[in-house]
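The structure file entry_15.pdb is reproduced below (PDB, C-alpha atoms).
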ATOM      1  CA  MET C 720       0.000   0.000   0.000
ATOM      2  CA  LYS C 721       1.295   3.461  -0.895
ATOM      3  CA  LYS C 722       2.013   5.784   2.003
ATOM      4  CA  ILE C 723       0.067   9.048   2.295
ATOM      5  CA  ARG C 724       0.998  12.047   4.429
ATOM      6  CA  ALA C 725      -0.551  12.165   7.889
ATOM      7  CA  LEU C 726      -2.927  15.060   8.532
ATOM      8  CA  LYS C 727      -2.042  18.082  10.602
ATOM      9  CA  LYS C 728      -4.208  20.658  12.344
ATOM     10  CA  GLY C 729      -5.888  22.938   9.843
ATOM     11  CA  ASP C 730      -6.156  20.313   7.091
ATOM     12  CA  THR C 731      -9.522  19.873   5.390
ATOM     13  CA  ILE C 732     -11.673  16.754   5.757
ATOM     14  CA  GLY C 733     -14.324  16.171   3.091
ATOM     15  CA  ILE C 734     -17.634  14.591   4.073
ATOM     16  CA  ALA C 735     -19.621  12.219   1.857
ATOM     17  CA  ALA C 736     -22.978  10.503   2.336
ATOM     18  CA  PRO C 737     -22.710   7.151   0.502
ATOM     19  CA  ALA C 738     -25.562   5.426   2.289
ATOM     20  CA  SER C 739     -28.641   6.553   4.253
ATOM     21  CA  PRO C 740     -29.977  10.085   4.745
ATOM     22  CA  PHE C 741     -29.484  11.789   8.094
ATOM     23  CA  ASP C 742     -30.635  14.540  10.371
ATOM     24  CA  ARG C 743     -29.219  17.935   9.344
ATOM     25  CA  SER C 744     -28.808  19.271  12.884
ATOM     26  CA  GLU C 745     -27.018  16.089  13.979
ATOM     27  CA  PHE C 746     -24.747  16.389  10.953
ATOM     28  CA  LYS C 747     -23.827  19.957  11.901
ATOM     29  CA  LYS C 748     -22.923  18.775  15.416
ATOM     30  CA  GLY C 749     -20.598  16.190  13.880
ATOM     31  CA  VAL C 750     -19.007  18.883  11.711
ATOM     32  CA  LYS C 751     -18.498  21.016  14.812
ATOM     33  CA  ALA C 752     -16.807  18.103  16.583
ATOM     34  CA  LEU C 753     -14.239  17.804  13.760
ATOM     35  CA  GLU C 754     -13.683  21.556  13.759
ATOM     36  CA  THR C 755     -13.105  21.446  17.519
ATOM     37  CA  MET C 756     -10.426  18.822  16.864
ATOM     38  CA  GLY C 757      -8.650  21.358  14.655
ATOM     39  CA  PHE C 758      -9.773  20.408  11.138
ATOM     40  CA  SER C 759     -11.595  22.328   8.442
ATOM     41  CA  VAL C 760     -14.628  20.559   6.986
ATOM     42  CA  GLU C 761     -16.160  20.721   3.512
ATOM     43  CA  TYR C 762     -19.181  19.060   1.925
ATOM     44  CA  ARG C 763     -21.546  19.562  -0.985
ATOM     45  CA  GLU C 764     -24.960  21.102  -0.368
ATOM     46  CA  ASP C 765     -26.674  18.186  -2.074
ATOM     47  CA  ILE C 766     -25.344  15.891   0.666
ATOM     48  CA  PHE C 767     -28.750  16.454   2.296
ATOM     49  CA  ASP C 768     -30.662  14.950  -0.663
ATOM     50  CA  GLN C 769     -32.938  11.989  -0.035
ATOM     51  CA  THR C 770     -34.168   9.304  -2.423
ATOM     52  CA  ARG C 771     -36.280   6.760  -0.554
ATOM     53  CA  TYR C 772     -33.931   5.342   2.131
ATOM     54  CA  LEU C 773     -30.782   6.699   0.447
ATOM     55  CA  ALA C 774     -28.927  10.027   0.602
ATOM     56  CA  GLY C 775     -29.826  10.858  -2.984
ATOM     57  CA  SER C 776     -29.365   8.838  -6.165
ATOM     58  CA  ASP C 777     -26.561   6.337  -6.641
ATOM     59  CA  LYS C 778     -24.998   8.697  -9.185
ATOM     60  CA  ARG C 779     -25.109  11.660  -6.793
ATOM     61  CA  ARG C 780     -23.460   9.679  -4.032
ATOM     62  CA  ALA C 781     -20.792   8.190  -6.301
ATOM     63  CA  ASP C 782     -20.024  11.569  -7.913
ATOM     64  CA  GLU C 783     -19.736  13.178  -4.481
ATOM     65  CA  LEU C 784     -17.179  10.638  -3.289
ATOM     66  CA  THR C 785     -15.206  10.845  -6.541
ATOM     67  CA  GLU C 786     -15.124  14.631  -6.317
ATOM     68  CA  LEU C 787     -13.685  14.458  -2.790
ATOM     69  CA  PHE C 788     -10.916  12.150  -3.974
ATOM     70  CA  LYS C 789     -10.051  14.407  -6.916
ATOM     71  CA  SER C 790      -9.957  17.624  -4.865
ATOM     72  CA  SER C 791      -6.390  18.611  -3.935
ATOM     73  CA  LYS C 792      -7.751  20.632  -1.007
ATOM     74  CA  ILE C 793      -9.313  17.603   0.702
ATOM     75  CA  ARG C 794      -6.743  15.704   2.790
ATOM     76  CA  ALA C 795      -9.018  12.949   4.158
ATOM     77  CA  ILE C 796     -12.575  11.680   3.708
ATOM     78  CA  MET C 797     -15.162  10.823   6.346
ATOM     79  CA  PHE C 798     -18.880  10.022   6.156
ATOM     80  CA  ALA C 799     -22.130  11.483   7.417
ATOM     81  CA  ARG C 800     -23.460   8.111   8.585
ATOM     82  CA  GLY C 801     -23.823   4.450   7.675
ATOM     83  CA  GLY C 802     -27.215   2.795   7.383
ATOM     84  CA  TYR C 803     -27.564   1.267   3.925
ATOM     85  CA  GLY C 804     -26.418   1.993   0.399
ATOM     86  CA  SER C 805     -22.625   2.017   0.182
ATOM     87  CA  GLN C 806     -22.508  -1.214  -1.833
ATOM     88  CA  ARG C 807     -24.736   0.290  -4.515
ATOM     89  CA  ILE C 808     -22.218   2.933  -5.585
ATOM     90  CA  ILE C 809     -19.102   0.740  -5.816
ATOM     91  CA  PRO C 810     -19.690  -0.234  -9.494
ATOM     92  CA  LEU C 811     -19.949   3.492 -10.338
ATOM     93  CA  LEU C 812     -16.514   4.322  -8.918
ATOM     94  CA  ASP C 813     -13.429   4.516 -11.151
ATOM     95  CA  LYS C 814     -10.551   2.610  -9.573
ATOM     96  CA  HIS C 815      -7.827   4.441 -11.488
ATOM     97  CA  THR C 816      -9.125   7.893 -10.506
ATOM     98  CA  ILE C 817      -9.343   6.950  -6.840
ATOM     99  CA  GLU C 818      -5.934   5.267  -6.775
ATOM    100  CA  THR C 819      -4.363   8.314  -8.444
ATOM    101  CA  HIS C 820      -5.813  10.608  -5.768
ATOM    102  CA  ALA C 821      -5.588   8.262  -2.766
ATOM    103  CA  LYS C 822      -6.080   9.813   0.676
ATOM    104  CA  PRO C 823      -7.087   8.535   4.133
ATOM    105  CA  VAL C 824     -10.692   7.379   4.485
ATOM    106  CA  VAL C 825     -12.449   6.766   7.825
ATOM    107  CA  GLY C 826     -15.780   5.015   8.394
ATOM    108  CA  PHE C 827     -17.561   1.982   9.808
ATOM    109  CA  SER C 828     -20.791  -0.026   9.747
ATOM    110  CA  ASP C 829     -22.323   0.075   6.220
ATOM    111  CA  VAL C 830     -19.190   1.883   5.006
ATOM    112  CA  THR C 831     -17.375  -1.465   5.509
ATOM    113  CA  ALA C 832     -18.243  -2.252   1.879
ATOM    114  CA  LEU C 833     -16.526   0.898   0.623
ATOM    115  CA  LEU C 834     -13.512   0.513   2.916
ATOM    116  CA  THR C 835     -12.885  -3.013   1.621
ATOM    117  CA  PHE C 836     -13.154  -1.909  -2.015
ATOM    118  CA  LEU C 837     -10.961   1.162  -1.518
ATOM    119  CA  ARG C 838      -8.257  -0.768   0.331
ATOM    120  CA  GLN C 839      -8.194  -3.923  -1.806
ATOM    121  CA  GLU C 840      -8.817  -2.429  -5.247
ATOM    122  CA  CYS C 841      -7.567   1.170  -5.046
ATOM    123  CA  ASP C 842      -4.681   1.030  -2.556
ATOM    124  CA  VAL C 843      -6.329   3.643  -0.328
ATOM    125  CA  PRO C 844      -5.389   3.897   3.399
ATOM    126  CA  THR C 845      -8.585   3.057   5.278
ATOM    127  CA  PHE C 846      -9.443   3.356   8.957
ATOM    128  CA  TYR C 847     -12.288   1.689  10.819
ATOM    129  CA  GLY C 848     -13.464   4.678  12.816
ATOM    130  CA  PRO C 849     -16.404   6.948  13.605
ATOM    131  CA  VAL C 850     -18.799   8.724  11.245
ATOM    132  CA  LEU C 851     -20.288  12.176  11.919
ATOM    133  CA  SER C 852     -23.534  10.816  13.347
ATOM    134  CA  LEU C 853     -21.491   9.114  16.080
ATOM    135  CA  LEU C 854     -19.325  12.185  16.723
ATOM    136  CA  ALA C 855     -22.507  14.261  17.033
ATOM    137  CA  LYS C 856     -23.649  12.289  20.063
ATOM    138  CA  ASP C 857     -22.146  12.517  23.539
ATOM    139  CA  CYS C 858     -18.840  11.388  22.088
ATOM    140  CA  ASP C 859     -16.417   9.733  24.482
ATOM    141  CA  PRO C 860     -12.953  11.348  24.728
ATOM    142  CA  VAL C 861     -11.419   7.974  23.792
ATOM    143  CA  THR C 862     -13.226   8.093  20.444
ATOM    144  CA  LYS C 863     -11.972  11.587  19.651
ATOM    145  CA  GLU C 864      -8.446  10.879  20.884
ATOM    146  CA  HIS C 865      -7.954   7.805  18.728
ATOM    147  CA  LEU C 866      -9.587   9.283  15.636
ATOM    148  CA  LEU C 867      -7.154  12.182  15.912
ATOM    149  CA  LEU C 868      -4.251   9.803  16.533
ATOM    150  CA  GLY C 869      -5.159   7.628  13.556
ATOM    151  CA  LEU C 870      -5.280  10.580  11.156
ATOM    152  CA  THR C 871      -2.279  12.552  12.421
ATOM    153  CA  LYS C 872       0.300   9.972  13.541
ATOM    154  CA  ALA C 873       2.959   9.060  10.999
ATOM    155  CA  GLY C 874       4.175   5.471  11.036
ATOM    156  CA  PRO C 875       2.880   2.586  13.160
ATOM    157  CA  LEU C 876       0.329   3.290  15.892
ATOM    158  CA  GLY C 877       2.118   0.858  18.188
ATOM    159  CA  TYR C 878       0.113  -0.490  21.100
ATOM    160  CA  VAL C 879      -3.568   0.425  21.083
ATOM    161  CA  PRO C 880      -5.920   0.202  24.083
ATOM    162  CA  ALA C 881      -7.797  -3.028  24.712
ATOM    163  CA  ASP C 882      -9.777  -1.829  27.730
ATOM    164  CA  GLY C 883     -12.582  -4.259  28.520
ATOM    165  CA  ALA C 884     -11.500  -6.803  25.886
ATOM    166  CA  LYS C 885     -11.530 -10.462  26.926
ATOM    167  CA  ILE C 886      -9.718 -13.540  25.680
ATOM    168  CA  LEU C 887     -12.091 -16.234  24.482
ATOM    169  CA  ARG C 888      -9.300 -18.429  23.143
ATOM    170  CA  PRO C 889      -5.642 -17.776  24.040
ATOM    171  CA  GLY C 890      -2.772 -17.580  21.600
ATOM    172  CA  LYS C 891      -0.708 -15.244  19.464
ATOM    173  CA  ALA C 892      -1.285 -14.040  15.907
ATOM    174  CA  GLU C 893       0.193 -11.686  13.337
ATOM    175  CA  GLY C 894      -1.032 -10.335  10.035
ATOM    176  CA  ALA C 895      -2.711  -7.408   8.357
ATOM    177  CA  LEU C 896      -5.879  -6.345  10.176
ATOM    178  CA  VAL C 897      -8.963  -6.588   7.931
ATOM    179  CA  GLY C 898     -12.711  -6.765   8.439
ATOM    180  CA  GLY C 899     -15.576  -4.604   9.632
ATOM    181  CA  CYS C 900     -19.295  -5.026  10.144
ATOM    182  CA  LEU C 901     -20.279  -8.710   9.971
ATOM    183  CA  SER C 902     -23.422  -8.278   7.855
ATOM    184  CA  LEU C 903     -21.457  -6.269   5.272
ATOM    185  CA  ILE C 904     -18.664  -8.836   5.178
ATOM    186  CA  ASN C 905     -21.296 -11.495   4.536
ATOM    187  CA  SER C 906     -23.061  -9.523   1.828
ATOM    188  CA  SER C 907     -19.758  -9.143  -0.049
ATOM    189  CA  MET C 908     -19.509 -12.911  -0.498
ATOM    190  CA  GLY C 909     -19.641 -13.986  -4.133
ATOM    191  CA  THR C 910     -19.090 -10.440  -5.426
ATOM    192  CA  PRO C 911     -15.940  -8.946  -6.973
ATOM    193  CA  TYR C 912     -15.595  -6.966  -3.714
ATOM    194  CA  GLU C 913     -15.440  -9.948  -1.363
ATOM    195  CA  LEU C 914     -13.234  -9.460   1.688
ATOM    196  CA  ALA C 915      -9.870 -11.256   1.394
ATOM    197  CA  THR C 916      -8.868 -12.840   4.712
ATOM    198  CA  ASP C 917      -5.950 -15.206   4.016
ATOM    199  CA  GLY C 918      -2.999 -14.583   6.312
ATOM    200  CA  CYS C 919      -4.829 -11.798   8.148
ATOM    201  CA  VAL C 920      -6.125 -10.977  11.607
ATOM    202  CA  LEU C 921      -9.876 -10.603  11.176
ATOM    203  CA  PHE C 922     -11.877  -7.891  12.954
ATOM    204  CA  ILE C 923     -15.663  -8.301  13.284
ATOM    205  CA  GLU C 924     -18.372  -6.157  14.878
ATOM    206  CA  GLU C 925     -22.155  -5.958  14.565
ATOM    207  CA  THR C 926     -25.240  -4.425  16.160
ATOM    208  CA  GLY C 927     -28.961  -5.045  16.518
ATOM    209  CA  GLU C 928     -29.099  -8.739  15.625
ATOM    210  CA  LYS C 929     -30.384 -11.841  17.379
ATOM    211  CA  VAL C 930     -27.768 -14.367  18.400
ATOM    212  CA  TYR C 931     -29.047 -16.983  15.943
ATOM    213  CA  VAL C 932     -28.649 -14.447  13.111
ATOM    214  CA  LEU C 933     -25.076 -13.768  14.191
ATOM    215  CA  ASP C 934     -24.541 -17.552  14.338
ATOM    216  CA  ARG C 935     -25.850 -17.875  10.765
ATOM    217  CA  MET C 936     -23.547 -15.152   9.447
ATOM    218  CA  LEU C 937     -20.459 -16.527  11.210
ATOM    219  CA  THR C 938     -21.330 -20.039  10.044
ATOM    220  CA  GLN C 939     -21.598 -18.783   6.471
ATOM    221  CA  LEU C 940     -18.090 -17.317   6.707
ATOM    222  CA  LYS C 941     -16.828 -20.538   8.257
ATOM    223  CA  ASN C 942     -18.409 -22.727   5.569
ATOM    224  CA  ALA C 943     -17.009 -20.420   2.876
ATOM    225  CA  GLY C 944     -13.493 -21.002   4.225
ATOM    226  CA  LYS C 945     -13.033 -17.411   5.366
ATOM    227  CA  PHE C 946     -11.562 -18.487   8.746
ATOM    228  CA  LYS C 947      -9.347 -21.230   7.315
ATOM    229  CA  ASN C 948      -6.216 -19.136   6.824
ATOM    230  CA  VAL C 949      -6.928 -16.410   9.394
ATOM    231  CA  SER C 950      -4.299 -16.175  12.142
ATOM    232  CA  GLY C 951      -6.539 -14.581  14.789
ATOM    233  CA  ILE C 952     -10.007 -13.075  15.250
ATOM    234  CA  ILE C 953     -10.913  -9.911  17.168
ATOM    235  CA  PHE C 954     -14.566  -9.209  17.895
ATOM    236  CA  GLY C 955     -15.418  -5.586  18.556
ATOM    237  CA  SER C 956     -18.803  -4.563  19.918
ATOM    238  CA  ILE C 957     -21.416  -7.247  19.255
ATOM    239  CA  ILE C 958     -24.697  -5.670  20.364
ATOM    240  CA  THR C 959     -27.639  -8.058  20.324
ATOM    241  CA  GLN C 960     -31.323  -7.189  20.311
ATOM    242  CA  GLU C 961     -32.899  -6.231  23.617
ATOM    243  CA  GLY C 962     -34.252  -9.249  25.472
ATOM    244  CA  GLU C 963     -31.996 -11.710  23.646
ATOM    245  CA  PRO C 964     -32.019 -14.926  25.754
ATOM    246  CA  HIS C 965     -28.836 -16.483  24.343
ATOM    247  CA  ASP C 966     -25.253 -15.582  25.240
ATOM    248  CA  VAL C 967     -23.286 -14.303  22.265
ATOM    249  CA  HIS C 968     -19.898 -15.387  23.621
ATOM    250  CA  THR C 969     -21.125 -18.962  24.060
ATOM    251  CA  MET C 970     -22.309 -18.959  20.456
ATOM    252  CA  ILE C 971     -18.969 -17.601  19.190
ATOM    253  CA  SER C 972     -17.072 -20.291  21.127
ATOM    254  CA  ASP C 973     -19.298 -22.949  19.601
ATOM    255  CA  VAL C 974     -19.026 -21.751  15.990
ATOM    256  CA  LEU C 975     -15.249 -21.294  16.327
ATOM    257  CA  SER C 976     -14.649 -24.487  18.313
ATOM    258  CA  ASP C 977     -12.266 -25.775  15.636
ATOM    259  CA  PHE C 978     -10.480 -22.462  15.038
ATOM    260  CA  ALA C 979      -6.817 -22.795  16.018
ATOM    261  CA  GLY C 980      -5.883 -19.150  16.550
ATOM    262  CA  PRO C 981      -6.605 -16.685  19.356
ATOM    263  CA  VAL C 982     -10.066 -15.168  19.697
ATOM    264  CA  VAL C 983     -10.660 -11.857  21.493
ATOM    265  CA  VAL C 984     -14.110 -10.423  22.268
ATOM    266  CA  ASP C 985     -15.453  -7.048  23.445
ATOM    267  CA  TYR C 986     -12.697  -4.976  21.850
ATOM    268  CA  PRO C 987     -13.684  -1.252  22.035
ATOM    269  CA  ALA C 988     -14.446  -0.605  18.367
ATOM    270  CA  GLY C 989     -17.652  -0.523  16.345
ATOM    271  CA  HIS C 990     -21.143   0.467  17.474
ATOM    272  CA  THR C 991     -19.938   1.546  20.878
ATOM    273  CA  LYS C 992     -19.467   4.776  22.811
ATOM    274  CA  LYS C 993     -15.718   4.184  23.181
ATOM    275  CA  PHE C 994     -14.376   3.602  19.663
ATOM    276  CA  VAL C 995     -10.663   3.006  19.047
ATOM    277  CA  THR C 996      -9.982   3.842  15.383
ATOM    278  CA  LEU C 997      -8.231   0.922  13.682
ATOM    279  CA  PRO C 998      -5.933   1.137  10.599
ATOM    280  CA  LEU C 999      -7.163  -1.547   8.192
ATOM    281  CA  GLY C1000      -4.384  -3.208   6.241
ATOM    282  CA  ALA C1001      -1.733  -2.313   8.813
ATOM    283  CA  ARG C1002       0.164  -5.256  10.273
ATOM    284  CA  ILE C1003      -0.826  -6.144  13.812
ATOM    285  CA  SER C1004       0.673  -8.390  16.466
ATOM    286  CA  LEU C1005      -2.005  -9.866  18.731
ATOM    287  CA  ASP C1006      -0.871 -11.363  22.037
ATOM    288  CA  ALA C1007      -3.758 -13.086  23.779
ATOM    289  CA  ALA C1008      -1.668 -15.472  25.823
ATOM    290  CA  ASP C1009      -2.025 -13.700  29.193
ATOM    291  CA  LEU C1010      -5.011 -12.446  31.181
ATOM    292  CA  THR C1011      -5.631  -9.449  28.917
ATOM    293  CA  PRO C1012      -4.999  -9.121  25.172
ATOM    294  CA  HIS C1013      -2.317  -6.811  23.782
ATOM    295  CA  MET C1014      -2.526  -5.348  20.283
ATOM    296  CA  ASN C1015       0.507  -3.776  18.650
ATOM    297  CA  PHE C1016       0.465  -2.256  15.172
ATOM    298  CA  THR C1017       3.917  -2.741  13.678
ATOM    299  CA  THR C1018       3.307  -0.998  10.357
ATOM    300  CA  GLY C1019       1.440   2.222   9.585
ATOM    301  CA  LEU C1020      -0.662   3.642   6.763
ATOM    302  CA  LEU C1021       0.542   7.260   6.852
ATOM    303  CA  THR C1022       3.913   8.991   6.666
TER     304      THR C1022
END
So that I can check it, write out the structure of this file as structure tokens.
Amino acid sequence: MKKIRALKKGDTIGIAAPASPFDRSEFKKGVKALETMGFSVEYREDIFDQTRYLAGSDKRRADELTELFKSSKIRAIMFARGGYGSQRIIPLLDKHTIETHAKPVVGFSDVTALLTFLRQECDVPTFYGPVLSLLAKDCDPVTKEHLLLGLTKAGPLGYVPADGAKILRPGKAEGALVGGCLSLINSSMGTPYELATDGCVLFIEETGEKVYVLDRMLTQLKNAGKFKNVSGIIFGSIITQEGEPHDVHTMISDVLSDFAGPVVVDYPAGHTKKFVTLPLGARISLDAADLTPHMNFTTGLLT
């Protein structure tokens, strides 16, 4: 992956809406949060468009993202929110244009589809981190601190916090960190944009599902051979539906009973108040041999 310059205070972040529409006042709060962190923010006025359950037409959303890549003023790209729709615009994006104008991109949830495409096909540095709708809420200082660190630190991030994370299966693993939202990883299967996992440490998070649905999605990945050559698995926030009677950790242990590598659960990333921004594609060393897991990024995305 090519190395891109880390951001500095005063740089401009461009905002796109590749998926669902969003509340304008909440969006403005998210913009304010980035400005408070020292960045300038730009976006197109038609970002507030709405077509059914999407933030405007597929063409509008694809053109918006392409324009942000092509702009020399924009130093990084973030997103208004997730929801649904990112997959729809991938076929409308020109790989050569994006690769020529590569810059850091941060997002999560539905944006998983875009992050995978941009990293695998366009050599773009991608970070699994917050969107504006999350920053607009009562954002935890940890979330802001590690978003800022991810965008402004040159070289490897080194050790990242694992507060609250638990070891489900002990061991050690190394590899490039890949992954994202489980439902989006699953929906990429059989497409040209399928997540490549061989030789990697896999990160998974999800929200709002019943345990049996999570079981089905993990089992699909298992049956498709997606865990076969993975060195370790890190589960971020896995938020089940309210009133769920089954334990999600028990289910994960069952589905991964024949997985040889370490498995960590409850890592602070994903649909959670405390969100540690993770550099996707960066090499990570996972030590889950002791009481608490340790995660050390040994390569970086930015210079």
Here is a test: counting all atoms listed in the file, which residue of C:Pro860, C:Gly1000, C:Pro987, C:Gly955 is nearest to Ala915 of chain C?
C:Gly1000
Using only C-alpha atoms, which of C:Pro849, C:Gly733, C:Gly874, C:Gly980 sits nearest Tyr762 of chain C?
C:Gly733
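Shortest separation to Val825 of chain C among C:Phe1016, C:Phe798, C:Phe746, C:Phe741 occurs at residue C:Phe798, atoms counted being all atoms listed in the file.
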Set the distance at 8 Å and use all atoms listed in the file: which residues neighbour Thr996 of chain C once local chain neighbours fewer than 2 positions away are removed? I'd like the list as a compact mmCIF listing (two decimals) with C-alpha atoms, in the frame of the given file.
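So the final result, stored in result-v8.txt, reads:
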# COMPACT_ATOMS: atom_id res chain seq x y z
CA PHE C 846 -9.44 3.36 8.96
CA TYR C 847 -12.29 1.69 10.82
CA GLY C 848 -13.46 4.68 12.82
CA PRO C 849 -16.40 6.95 13.60
CA THR C 862 -13.23 8.09 20.44
CA HIS C 865 -7.95 7.80 18.73
CA LEU C 866 -9.59 9.28 15.64
CA GLY C 869 -5.16 7.63 13.56
CA ALA C 988 -14.45 -0.60 18.37
CA PHE C 994 -14.38 3.60 19.66
CA PRO C 998 -5.93 1.14 10.60
I need the output of the PyMOL selection byres ((chain C and resi 937-949) around 12) for this file as JSON, numbers by chain; which residues are they?
{"C": [891, 892, 893, 894, 895, 896, 897, 898, 900, 901, 902, 903, 904, 905, 906, 907, 908, 909, 913, 914, 915, 916, 917, 918, 919, 920, 921, 922, 923, 924, 925, 930, 931, 932, 933, 934, 935, 936, 950, 951, 952, 953, 954, 967, 970, 971, 972, 973, 974, 975, 976, 977, 978, 979, 980, 981, 982]}
Separation of atom CA of Lys748 of chain C and atom CA of Pro844 of chain C, in Å?
25.9 Å
Could you list as a PDB file with C-alpha atoms, keeping the file's coordinate frame every residue that has an atom within 8 Å of (4.4, -2.3, 13.4), using the file's coordinates and counting all atoms listed in the file?
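What follows is the written file point_32.pdb:
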ATOM      1  CA  PRO C 875       2.880   2.586  13.160  1.00  0.00           C
ATOM      2  CA  LEU C 876       0.329   3.290  15.892  1.00  0.00           C
ATOM      3  CA  GLY C 877       2.118   0.858  18.188  1.00  0.00           C
ATOM      4  CA  ALA C1001      -1.733  -2.313   8.813  1.00  0.00           C
ATOM      5  CA  ARG C1002       0.164  -5.256  10.273  1.00  0.00           C
ATOM      6  CA  ILE C1003      -0.826  -6.144  13.812  1.00  0.00           C
ATOM      7  CA  SER C1004       0.673  -8.390  16.466  1.00  0.00           C
ATOM      8  CA  ASN C1015       0.507  -3.776  18.650  1.00  0.00           C
ATOM      9  CA  PHE C1016       0.465  -2.256  15.172  1.00  0.00           C
ATOM     10  CA  THR C1017       3.917  -2.741  13.678  1.00  0.00           C
ATOM     11  CA  THR C1018       3.307  -0.998  10.357  1.00  0.00           C
ATOM     12  CA  GLY C1019       1.440   2.222   9.585  1.00  0.00           C
TER      13      GLY C1019
END
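From atom CA of Leu887 of chain C back to atom CA of Asp829 of chain C, the distance works out to 26.5 Å.
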For Glu961 of chain C, please output as a compact mmCIF listing (two decimals) with C-alpha atoms, keeping the file's coordinate frame all residues within 12 Å (counting only C-alpha atoms; exclusion window: fewer than 6 positions along the same chain).
# COMPACT_ATOMS: atom_id res chain seq x y z
CA THR C 926 -25.24 -4.42 16.16
CA GLY C 927 -28.96 -5.04 16.52
CA GLU C 928 -29.10 -8.74 15.62
CA LYS C 929 -30.38 -11.84 17.38
CA VAL C 930 -27.77 -14.37 18.40
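Between atom CA of Lys728 of chain C and atom CA of Ile766 of chain C the interatomic distance comes to 24.6 Å.
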Hey, can you pull every residue with an atom no more than 8 Å from (-9.8, 0.8, 24.7), using all atoms listed in the file, and send it as a ChimeraX atom specification?
/C:861,879-884,986-988,993-995
Between C:Glu754, C:Glu761, C:Asp813, C:Glu783, smallest distance to Ala736 of chain C by only C-alpha atoms belongs to C:Glu783
Selection result for the PyMOL selection byres ((chain C and resi 854) around 9) on this file, as a JSON list (two decimals) with C-alpha atoms, in the frame of the given file:
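And here's selection07.json as it stands now:
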[["chain", "number", "residue", "atom", "x", "y", "z"],
["C", 746, "PHE", "CA", -24.75, 16.39, 10.95],
["C", 748, "LYS", "CA", -22.92, 18.77, 15.42],
["C", 749, "GLY", "CA", -20.60, 16.19, 13.88],
["C", 750, "VAL", "CA", -19.01, 18.88, 11.71],
["C", 752, "ALA", "CA", -16.81, 18.10, 16.58],
["C", 753, "LEU", "CA", -14.24, 17.80, 13.76],
["C", 849, "PRO", "CA", -16.40, 6.95, 13.60],
["C", 850, "VAL", "CA", -18.80, 8.72, 11.24],
["C", 851, "LEU", "CA", -20.29, 12.18, 11.92],
["C", 852, "SER", "CA", -23.53, 10.82, 13.35],
["C", 853, "LEU", "CA", -21.49, 9.11, 16.08],
["C", 855, "ALA", "CA", -22.51, 14.26, 17.03],
["C", 856, "LYS", "CA", -23.65, 12.29, 20.06],
["C", 857, "ASP", "CA", -22.15, 12.52, 23.54],
["C", 858, "CYS", "CA", -18.84, 11.39, 22.09],
["C", 859, "ASP", "CA", -16.42, 9.73, 24.48],
["C", 862, "THR", "CA", -13.23, 8.09, 20.44],
["C", 863, "LYS", "CA", -11.97, 11.59, 19.65]]
Within 9 Å of Phe758 of chain C, counting all atoms listed in the file, which residues qualify if same-chain residues fewer than 5 places away don't, as a list in words?
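Contacts, with the query itself left out: Lys727, Lys728, Gly729, Asp730, Thr731, Ile732 and Leu753 of chain C.
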For each of C:Leu1010, C:Leu837, C:Ile957, C:Val843, take the minimum atom-to-atom distance to Pro823 of chain C, counting only C-alpha atoms, then give the residue where this is smallest.
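Smallest distance to Pro823 of chain C is found for C:Val843.
Distances to Gly899 of chain C were evaluated for C:His990, C:His968, C:Lys814, C:Arg780 using only C-alpha atoms, and the minimum falls at C:His990.
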When the PyMOL selection byres ((chain C and resi 820) around 9) is applied to the structure above, which residues does it catch, written out as a short mmCIF file (atom, residue, chain, number, x, y, z; two decimals) with C-alpha atoms, keeping the file's coordinate frame?
data_model
loop_
_atom_site.label_atom_id
_atom_site.label_comp_id
_atom_site.auth_asym_id
_atom_site.auth_seq_id
_atom_site.Cartn_x
_atom_site.Cartn_y
_atom_site.Cartn_z
CA PHE C 788 -10.92 12.15 -3.97
CA LYS C 789 -10.05 14.41 -6.92
CA SER C 790 -9.96 17.62 -4.86
CA SER C 791 -6.39 18.61 -3.94
CA HIS C 815 -7.83 4.44 -11.49
CA THR C 816 -9.12 7.89 -10.51
CA ILE C 817 -9.34 6.95 -6.84
CA GLU C 818 -5.93 5.27 -6.78
CA THR C 819 -4.36 8.31 -8.44
CA ALA C 821 -5.59 8.26 -2.77
CA LYS C 822 -6.08 9.81 0.68
CA VAL C 843 -6.33 3.64 -0.33
#
Residue rebuild result segment 910-916 of chain C, N, CA and C atoms as an mmCIF file, in the frame of the given file:
data_model
loop_
_atom_site.group_PDB
_atom_site.id
_atom_site.type_symbol
_atom_site.label_atom_id
_atom_site.label_comp_id
_atom_site.auth_asym_id
_atom_site.auth_seq_id
_atom_site.Cartn_x
_atom_site.Cartn_y
_atom_site.Cartn_z
ATOM 1 N N THR C 910 -19.189 -11.637 -4.587
ATOM 2 C CA THR C 910 -19.090 -10.440 -5.426
ATOM 3 C C THR C 910 -17.619 -10.175 -5.741
ATOM 4 N N PRO C 911 -17.344 -9.303 -6.710
ATOM 5 C CA PRO C 911 -15.940 -8.946 -6.973
ATOM 6 C C PRO C 911 -15.285 -8.200 -5.809
ATOM 7 N N TYR C 912 -16.091 -7.791 -4.826
ATOM 8 C CA TYR C 912 -15.595 -6.966 -3.714
ATOM 9 C C TYR C 912 -15.537 -7.758 -2.414
ATOM 10 N N GLU C 913 -15.479 -9.076 -2.525
ATOM 11 C CA GLU C 913 -15.440 -9.948 -1.363
ATOM 12 C C GLU C 913 -14.184 -9.694 -0.525
ATOM 13 N N LEU C 914 -14.353 -9.703 0.791
ATOM 14 C CA LEU C 914 -13.234 -9.460 1.688
ATOM 15 C C LEU C 914 -12.228 -10.598 1.611
ATOM 16 N N ALA C 915 -10.960 -10.281 1.383
ATOM 17 C CA ALA C 915 -9.870 -11.256 1.394
ATOM 18 C C ALA C 915 -9.336 -11.389 2.812
ATOM 19 N N THR C 916 -9.247 -12.620 3.313
ATOM 20 C CA THR C 916 -8.868 -12.840 4.712
ATOM 21 C C THR C 916 -7.611 -13.680 4.896
#
